[in-house]
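For reference, the structure discussed in these notes is given below.
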Protein chains: 2
Amino acid sequence: MESHYMEWPSWFSRALEMYRGLAGVFRGLSHVYSCGMGGSGAASDYLAELLWYTGSSVRLTVVKDLAPREKPSSEYGLVLSSYSGNTVETLACGERLAKQASSILAVTSGGRLLELARSRGWSIAEVPQGLLPRVSFPWMLGALISSFSEELNLNLEALSSRTSRIDVAEARSKAGVVAEFLYDHRIATIASCGPTTPLAVRLKNELAENSKMPSRLEVYPESSHNDIVALETARGLYGGVFLTPSSGECMAVMRAASQIYAEYGVPYLELVVGVDGGVEDLAIEYLYWTIVAGLSSVELARRRGLDPASTRPIERYKRIVSI
Amino acid sequence: MESHYMEWPSWFSRALEMYRGLAGVFRGLSHVYSCGMGGSGAASDYLAELLWYTGSSVRLTVVKDLAPREKPSSEYGLVLSSYSGNTVETLACGERLAKQASSILAVTSGGRLLELARSRGWSIAEVPQGLLPRVSFPWMLGALISSFSEELNLNLEALSSRTSRIDVAEARSKAGVVAEFLYDHRIATIASCGPTTPLAVRLKNELAENSKMPSRLEVYPESSHNDIVALETARGLYGGVFLTPSSGECMAVMRAASQIYAEYGVPYLELVVGVDGGVEDLAIEYLYWTIVAGLSSVELARRRGLDPASTRPIERYKRIVSI
C-alpha cells in the first residue's frame, strides 16, 4: 500500500488530465448532492471545503447515508461515488435522488453504478480498477475537482503543475513522526477547525481501516464547549493530533486548545496545514496531508504487526446487514 | 443538578405555553441558519431532525462555529442561541448573518445578545436565568419547537399534554443502568443512525461536561465503512452505547453493527428510541432520552467522586483564547 500512496501526486495529475472534459457538468446549478460512503465519500468532504474557500455560491451537501436528511431542494445536481459501484447505501441514495436531478455524475470503477450510468446516459468518471477504495482517493478527488473547476474558479493546468512540488519523501518522514507519536497510545484524539476538518475525518478513517486504531474527533471551536472537559480524565488515555490551520481564527482557537492539553499533561502533536494561498494551493495541501495520513496509518499498522489492507469487520458487516 | 433534570417535563410544557406567540416567526422562509455552541446549540440538532421527520420543506442549517461553511443563501431566517448571551462564536455568527436575514430570533437569558435583540427589534425567547446552559435545554427546545410549530405541522397543545406521560422515575432507573455500564470503561463509544444522532451528540457532550468522560461517536451506516474496523483492537478499551431507532433501515443497520461488537467481545448497551409515531411523539422521545443522558452523566460523576457542575477546561479556554 505504501508505494500506492507515494504515487498519488502523479495519479492526481493524470486524473486532472483524464477528467478535464467533465468541467461544466453542473453548470448553472446552485446545489449539488454528493452520495458516497467510506473511502468513496472522502473526496466530497474536501470539495465542499474548497467550494467554501473559494467563495463559490454552489452548495455541496455531502450525504454519507442512504438519503439526505432534508427534503431535496427543487433543483439540484447529483454525484454518486462508489469505488466498487456496488455500495448499497450509495445506490439507495441514487435511487432516491436521481429522478429529480438535473445532472448526474457517477464516479466509479465498475459494478452496478457503472451499468446504471451507461444505460441512463449519466456523466461518468471511470476510475482505474484493482485498488482499495481508500487508495483511489486522488482519482476521485481529481474527478470532482475537474467537474467543479468552473465553480471553484480553478485552473486545472496550474493545479496539475503544482503536484510536482509535493515532496513524497518529506511526507513519508512526517508520517514516521505521526506513527511514532501514535504508537504510544491505544486511541487518538484528532483535533481540527474549519478547513482542516475533512483531513481530520480522513485521518480517523485511515487509522481505523489501516491501523485498526480507534479515534475520536474534536472539532473546534465547538469542542471547546464540551469535549475539552474530558481532558480532566484523559491523561494516559489518549494523545492528540492537532491539524492546525496556518492562520486565522482557527489557528488561535486551536493554539488555545492545545495549550490546555499541555496544562492537563495530555500529549499532542501539532501538524500545521497551509491555508493562506489560492484554491489550488489548498487542494495541494489537502493531497499532501492525505498522503501523510495514509502513510502514517500504514506505518503504524506495520509497527503493530497488523495487515493494513484487511478490513474484516467491514466485510462481516456487509455479509450480515440487510437493508 | 439531578433535581433540575427531573423537572424538565414541566419546564418543557411551560416553555411551549410561554413561547407559543413565536409561531410563524419564520413563515414563508425555506432556509434558516441556527448559530449556537455547546449546550446552547443542542436543541437545534433536534429541531433539524424533527423538520426532516415531518417532511417539512424548511431546511435548518445548524452552525456550531463562527460562521456557516457555505456562502449564505439569498433569503434566510436566523436563530441565535446563547444561554449567557455572551458566547463569542455565536455573536460573531450573528454579526456575519444578521444584516441579510429576513427574520431573526434570539434565544437567551441575557447578556449582549439580549441587548442586541432588544435594540434591533429581533424576536426574543427569553429563557429563565440562573441555570447551567446545558440544563436550560427544555426551555431552548420549547422555544424552537414553538417558533417552528407551523413548519413542523405540530400541535403545541397536544405536545404539551404528552409531557405528563414522561415517567421521570423510569428515566432515572434507566440512567442508573447506563451509568453502571459506563462505570467499567474509561471511554465510551456512542453509536447512532438517522434520528438518534442528535441524542448521540448530546450524550457525548453530557458525558464530557458532567462526567469528564471522553467519548467517540460512530454514526451508522457510515461507520460500518471505517470506524467499525477499530473493533479489532477495542476489547477492554471502550464500551458501546447503541441508540437504536425502533424501526426502519437504521434499526437493521445498528443491529448488524452491534452483532459485530458482540463477535469481537466488545460490550455494548442498547437503548431503543421510538421513531414510529408522529412528530409530537418523536419530540417526547427526544426529551425523555435527553433526560436519561443528563441523569446518567450526573450519576456517573457521583460514582467517580467528580463534581458534575464544574467545567474547568472550558473556563480556562475562554480566558486564554482570543478571536
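Chain lettering (A, B, ...) mirrors the order of the C-alpha cells, residue numbering begins at 1 for each chain separately, and ligand numbering begins at 1 in order of display.
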Distance query region 109-111 of chain B at most 12 Å, only C-alpha atoms, self and fewer than 2 positions along chain excluded, as a PyMOL selection string
chain B and resi 40+80-88+91+106-107+113-118+124-133+136+139-140
Taking only region 91-273 of chain A into account, list the residues labelled alpha helix (DSSP H) by DSSP (computed from the backbone), as a VMD selection string.
chain A and resid 91 to 97 111 to 120 137 to 147 156 to 162 168 to 183 197 to 211 249 to 263
For Val32 (chain B), list every protein, DNA or RNA residue within 12 Å, evaluated using only C-alpha atoms, and leave out those in the same chain fewer than 6 positions away; present the list as a PDB file with N, CA, C and O atoms, in the first residue's frame.
ATOM      1  N   VAL B  25     -42.794  32.910  13.192  1.00  0.00           N
ATOM      2  CA  VAL B  25     -41.737  33.928  13.103  1.00  0.00           C
ATOM      3  C   VAL B  25     -40.876  33.742  11.840  1.00  0.00           C
ATOM      4  O   VAL B  25     -40.302  34.708  11.325  1.00  0.00           O
ATOM      5  N   PHE B  26     -40.838  32.514  11.319  1.00  0.00           N
ATOM      6  CA  PHE B  26     -40.072  32.267  10.076  1.00  0.00           C
ATOM      7  C   PHE B  26     -40.992  31.911   8.901  1.00  0.00           C
ATOM      8  O   PHE B  26     -40.543  31.310   7.922  1.00  0.00           O
ATOM      9  N   SER B  44     -31.010  22.813  18.466  1.00  0.00           N
ATOM     10  CA  SER B  44     -31.106  22.955  17.004  1.00  0.00           C
ATOM     11  C   SER B  44     -30.879  21.632  16.281  1.00  0.00           C
ATOM     12  O   SER B  44     -31.470  21.389  15.232  1.00  0.00           O
ATOM     13  N   LEU B  47     -34.163  19.977  16.376  1.00  0.00           N
ATOM     14  CA  LEU B  47     -35.127  20.651  15.506  1.00  0.00           C
ATOM     15  C   LEU B  47     -34.914  20.276  14.040  1.00  0.00           C
ATOM     16  O   LEU B  47     -35.872  20.020  13.305  1.00  0.00           O
ATOM     17  N   ALA B  48     -33.643  20.215  13.622  1.00  0.00           N
ATOM     18  CA  ALA B  48     -33.346  19.863  12.222  1.00  0.00           C
ATOM     19  C   ALA B  48     -33.908  18.477  11.903  1.00  0.00           C
ATOM     20  O   ALA B  48     -34.498  18.253  10.842  1.00  0.00           O
ATOM     21  N   LEU B  51     -37.752  18.553  11.686  1.00  0.00           N
ATOM     22  CA  LEU B  51     -38.200  19.127  10.411  1.00  0.00           C
ATOM     23  C   LEU B  51     -38.112  18.080   9.304  1.00  0.00           C
ATOM     24  O   LEU B  51     -39.010  17.947   8.465  1.00  0.00           O
ATOM     25  N   SER B  57     -40.453  21.331   4.164  1.00  0.00           N
ATOM     26  CA  SER B  57     -39.522  21.776   3.126  1.00  0.00           C
ATOM     27  C   SER B  57     -38.578  22.853   3.655  1.00  0.00           C
ATOM     28  O   SER B  57     -37.762  23.393   2.911  1.00  0.00           O
ATOM     29  N   VAL B  58     -38.681  23.170   4.947  1.00  0.00           N
ATOM     30  CA  VAL B  58     -37.745  24.124   5.545  1.00  0.00           C
ATOM     31  C   VAL B  58     -36.455  23.408   5.904  1.00  0.00           C
ATOM     32  O   VAL B  58     -36.466  22.356   6.536  1.00  0.00           O
ATOM     33  N   ARG B  59     -35.353  23.982   5.467  1.00  0.00           N
ATOM     34  CA  ARG B  59     -34.041  23.423   5.761  1.00  0.00           C
ATOM     35  C   ARG B  59     -33.399  24.243   6.874  1.00  0.00           C
ATOM     36  O   ARG B  59     -33.315  25.469   6.771  1.00  0.00           O
ATOM     37  N   LEU B  60     -32.975  23.560   7.933  1.00  0.00           N
ATOM     38  CA  LEU B  60     -32.295  24.242   9.033  1.00  0.00           C
ATOM     39  C   LEU B  60     -30.816  23.894   8.981  1.00  0.00           C
ATOM     40  O   LEU B  60     -30.452  22.721   9.053  1.00  0.00           O
ATOM     41  N   THR B  61     -29.962  24.895   8.837  1.00  0.00           N
ATOM     42  CA  THR B  61     -28.516  24.656   8.860  1.00  0.00           C
ATOM     43  C   THR B  61     -27.992  24.996  10.247  1.00  0.00           C
ATOM     44  O   THR B  61     -28.057  26.153  10.668  1.00  0.00           O
ATOM     45  N   VAL B  62     -27.520  23.973  10.944  1.00  0.00           N
ATOM     46  CA  VAL B  62     -27.023  24.174  12.303  1.00  0.00           C
ATOM     47  C   VAL B  62     -25.552  24.572  12.237  1.00  0.00           C
ATOM     48  O   VAL B  62     -24.733  23.862  11.653  1.00  0.00           O
ATOM     49  N   VAL B  63     -25.216  25.728  12.797  1.00  0.00           N
ATOM     50  CA  VAL B  63     -23.853  26.257  12.736  1.00  0.00           C
ATOM     51  C   VAL B  63     -23.269  26.282  14.147  1.00  0.00           C
ATOM     52  O   VAL B  63     -23.696  27.077  14.985  1.00  0.00           O
ATOM     53  N   PRO B  68     -21.315  29.987   9.006  1.00  0.00           N
ATOM     54  CA  PRO B  68     -21.603  28.769   8.237  1.00  0.00           C
ATOM     55  C   PRO B  68     -20.477  28.503   7.244  1.00  0.00           C
ATOM     56  O   PRO B  68     -19.825  29.440   6.783  1.00  0.00           O
ATOM     57  N   PRO B  72     -23.834  32.209   2.312  1.00  0.00           N
ATOM     58  CA  PRO B  72     -25.240  32.229   2.730  1.00  0.00           C
ATOM     59  C   PRO B  72     -26.187  32.268   1.534  1.00  0.00           C
ATOM     60  O   PRO B  72     -25.888  32.882   0.512  1.00  0.00           O
ATOM     61  N   SER B  73     -27.313  31.601   1.672  1.00  0.00           N
ATOM     62  CA  SER B  73     -28.311  31.596   0.597  1.00  0.00           C
ATOM     63  C   SER B  73     -28.889  32.999   0.455  1.00  0.00           C
ATOM     64  O   SER B  73     -28.615  33.893   1.250  1.00  0.00           O
ATOM     65  N   SER B  74     -29.686  33.213  -0.573  1.00  0.00           N
ATOM     66  CA  SER B  74     -30.135  34.577  -0.875  1.00  0.00           C
ATOM     67  C   SER B  74     -31.197  35.065   0.106  1.00  0.00           C
ATOM     68  O   SER B  74     -31.291  36.250   0.387  1.00  0.00           O
ATOM     69  N   GLU B  75     -31.998  34.154   0.643  1.00  0.00           N
ATOM     70  CA  GLU B  75     -33.025  34.566   1.601  1.00  0.00           C
ATOM     71  C   GLU B  75     -33.058  33.551   2.733  1.00  0.00           C
ATOM     72  O   GLU B  75     -33.162  32.348   2.475  1.00  0.00           O
ATOM     73  N   TYR B  76     -32.980  34.036   3.945  1.00  0.00           N
ATOM     74  CA  TYR B  76     -32.933  33.091   5.067  1.00  0.00           C
ATOM     75  C   TYR B  76     -33.365  33.750   6.371  1.00  0.00           C
ATOM     76  O   TYR B  76     -33.302  34.972   6.527  1.00  0.00           O
ATOM     77  N   GLY B  77     -33.787  32.882   7.297  1.00  0.00           N
ATOM     78  CA  GLY B  77     -34.032  33.311   8.666  1.00  0.00           C
ATOM     79  C   GLY B  77     -32.829  32.965   9.522  1.00  0.00           C
ATOM     80  O   GLY B  77     -31.937  32.239   9.084  1.00  0.00           O
ATOM     81  N   LEU B  78     -32.799  33.497  10.749  1.00  0.00           N
ATOM     82  CA  LEU B  78     -31.638  33.288  11.620  1.00  0.00           C
ATOM     83  C   LEU B  78     -32.069  33.100  13.065  1.00  0.00           C
ATOM     84  O   LEU B  78     -32.834  33.901  13.606  1.00  0.00           O
ATOM     85  N   VAL B  79     -31.578  32.010  13.665  1.00  0.00           N
ATOM     86  CA  VAL B  79     -31.738  31.795  15.102  1.00  0.00           C
ATOM     87  C   VAL B  79     -30.369  31.973  15.751  1.00  0.00           C
ATOM     88  O   VAL B  79     -29.386  31.399  15.278  1.00  0.00           O
ATOM     89  N   LEU B  80     -30.307  32.775  16.807  1.00  0.00           N
ATOM     90  CA  LEU B  80     -29.064  32.909  17.572  1.00  0.00           C
ATOM     91  C   LEU B  80     -29.346  32.424  18.990  1.00  0.00           C
ATOM     92  O   LEU B  80     -30.157  33.026  19.699  1.00  0.00           O
ATOM     93  N   LEU B  97     -24.302  37.159   9.831  1.00  0.00           N
ATOM     94  CA  LEU B  97     -25.534  36.738   9.149  1.00  0.00           C
ATOM     95  C   LEU B  97     -26.727  37.671   9.366  1.00  0.00           C
ATOM     96  O   LEU B  97     -27.703  37.621   8.607  1.00  0.00           O
ATOM     97  N   ALA B  98     -26.680  38.502  10.412  1.00  0.00           N
ATOM     98  CA  ALA B  98     -27.887  39.256  10.773  1.00  0.00           C
ATOM     99  C   ALA B  98     -28.312  40.252   9.691  1.00  0.00           C
ATOM    100  O   ALA B  98     -29.501  40.409   9.406  1.00  0.00           O
ATOM    101  N   GLN B 100     -28.320  40.360   6.468  1.00  0.00           N
ATOM    102  CA  GLN B 100     -29.103  39.881   5.318  1.00  0.00           C
ATOM    103  C   GLN B 100     -30.295  39.007   5.725  1.00  0.00           C
ATOM    104  O   GLN B 100     -31.014  38.517   4.852  1.00  0.00           O
ATOM    105  N   ALA B 101     -30.481  38.776   7.019  1.00  0.00           N
ATOM    106  CA  ALA B 101     -31.541  37.851   7.442  1.00  0.00           C
ATOM    107  C   ALA B 101     -32.916  38.500   7.368  1.00  0.00           C
ATOM    108  O   ALA B 101     -33.082  39.667   7.704  1.00  0.00           O
ATOM    109  N   SER B 102     -33.909  37.721   6.916  1.00  0.00           N
ATOM    110  CA  SER B 102     -35.272  38.250   6.793  1.00  0.00           C
ATOM    111  C   SER B 102     -35.978  38.283   8.135  1.00  0.00           C
ATOM    112  O   SER B 102     -36.891  39.082   8.348  1.00  0.00           O
ATOM    113  N   SER B 103     -35.588  37.378   9.031  1.00  0.00           N
ATOM    114  CA  SER B 103     -36.229  37.313  10.334  1.00  0.00           C
ATOM    115  C   SER B 103     -35.218  36.727  11.308  1.00  0.00           C
ATOM    116  O   SER B 103     -34.495  35.802  10.959  1.00  0.00           O
ATOM    117  N   ILE B 104     -35.147  37.285  12.510  1.00  0.00           N
ATOM    118  CA  ILE B 104     -34.136  36.834  13.481  1.00  0.00           C
ATOM    119  C   ILE B 104     -34.792  36.544  14.821  1.00  0.00           C
ATOM    120  O   ILE B 104     -35.620  37.332  15.299  1.00  0.00           O
ATOM    121  N   LEU B 105     -34.423  35.411  15.407  1.00  0.00           N
ATOM    122  CA  LEU B 105     -34.890  35.046  16.744  1.00  0.00           C
ATOM    123  C   LEU B 105     -33.681  34.867  17.654  1.00  0.00           C
ATOM    124  O   LEU B 105     -32.765  34.105  17.327  1.00  0.00           O
ATOM    125  N   LEU B 144     -37.700  26.697  20.322  1.00  0.00           N
ATOM    126  CA  LEU B 144     -37.527  26.390  18.899  1.00  0.00           C
ATOM    127  C   LEU B 144     -38.758  25.677  18.333  1.00  0.00           C
ATOM    128  O   LEU B 144     -39.229  25.997  17.238  1.00  0.00           O
ATOM    129  N   SER B 147     -41.492  28.141  17.838  1.00  0.00           N
ATOM    130  CA  SER B 147     -41.225  29.043  16.709  1.00  0.00           C
ATOM    131  C   SER B 147     -41.456  28.352  15.374  1.00  0.00           C
ATOM    132  O   SER B 147     -41.826  28.989  14.394  1.00  0.00           O
ATOM    133  N   PHE B 148     -41.220  27.054  15.333  1.00  0.00           N
ATOM    134  CA  PHE B 148     -41.357  26.293  14.085  1.00  0.00           C
ATOM    135  C   PHE B 148     -42.598  25.391  14.093  1.00  0.00           C
ATOM    136  O   PHE B 148     -42.665  24.461  13.305  1.00  0.00           O
ATOM    137  N   GLU B 151     -44.210  25.065  10.647  1.00  0.00           N
ATOM    138  CA  GLU B 151     -43.371  24.318   9.705  1.00  0.00           C
ATOM    139  C   GLU B 151     -43.309  22.842  10.086  1.00  0.00           C
ATOM    140  O   GLU B 151     -43.141  21.978   9.219  1.00  0.00           O
TER     141      GLU B 151
END
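For the pair CA of Ile166 (chain B) and CA of Ala293 (chain B), the interatomic distance is 14.5 Å.
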From the list A:Pro9, A:Pro221, A:Gly94, A:Pro267, which residue is nearest chain B when using only C-alpha atoms?
A:Pro221
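Assigned to strand (DSSP E) in region 9-58 of chain A, given DSSP computed from backbone atoms, are His31, Val32, Tyr33, Ser34, Cys35 and Gly36 of chain A.
Here CA of Ala234 (chain B) is placed at a distance of 28.8 Å from CA of Ala171 (chain A).
If you look at CA of Glu232 (chain B) and CA of Leu306 (chain A), they are 10.1 Å away from each other.
Counting only C-alpha atoms, the residue from A:Ala309, A:Ala257, A:Ala283, A:Ala301 that sits nearest to chain B is A:Ala257.
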Residue contacts of Leu154 (chain B) (7 Å, only C-alpha atoms) excluding same-chain residues fewer than 2 positions away, as an MDAnalysis selection string
chainID B and resid 149:150 152 156 279:280
If you count only C-alpha atoms, which residues fall within 12 Å of Val298 (chain B), apart from same-chain ones fewer than 5 positions away, as a ChimeraX atom specification?
/B:1-6,135,172,175-176,178-180,182-183,203,206-213,291-293,303-310
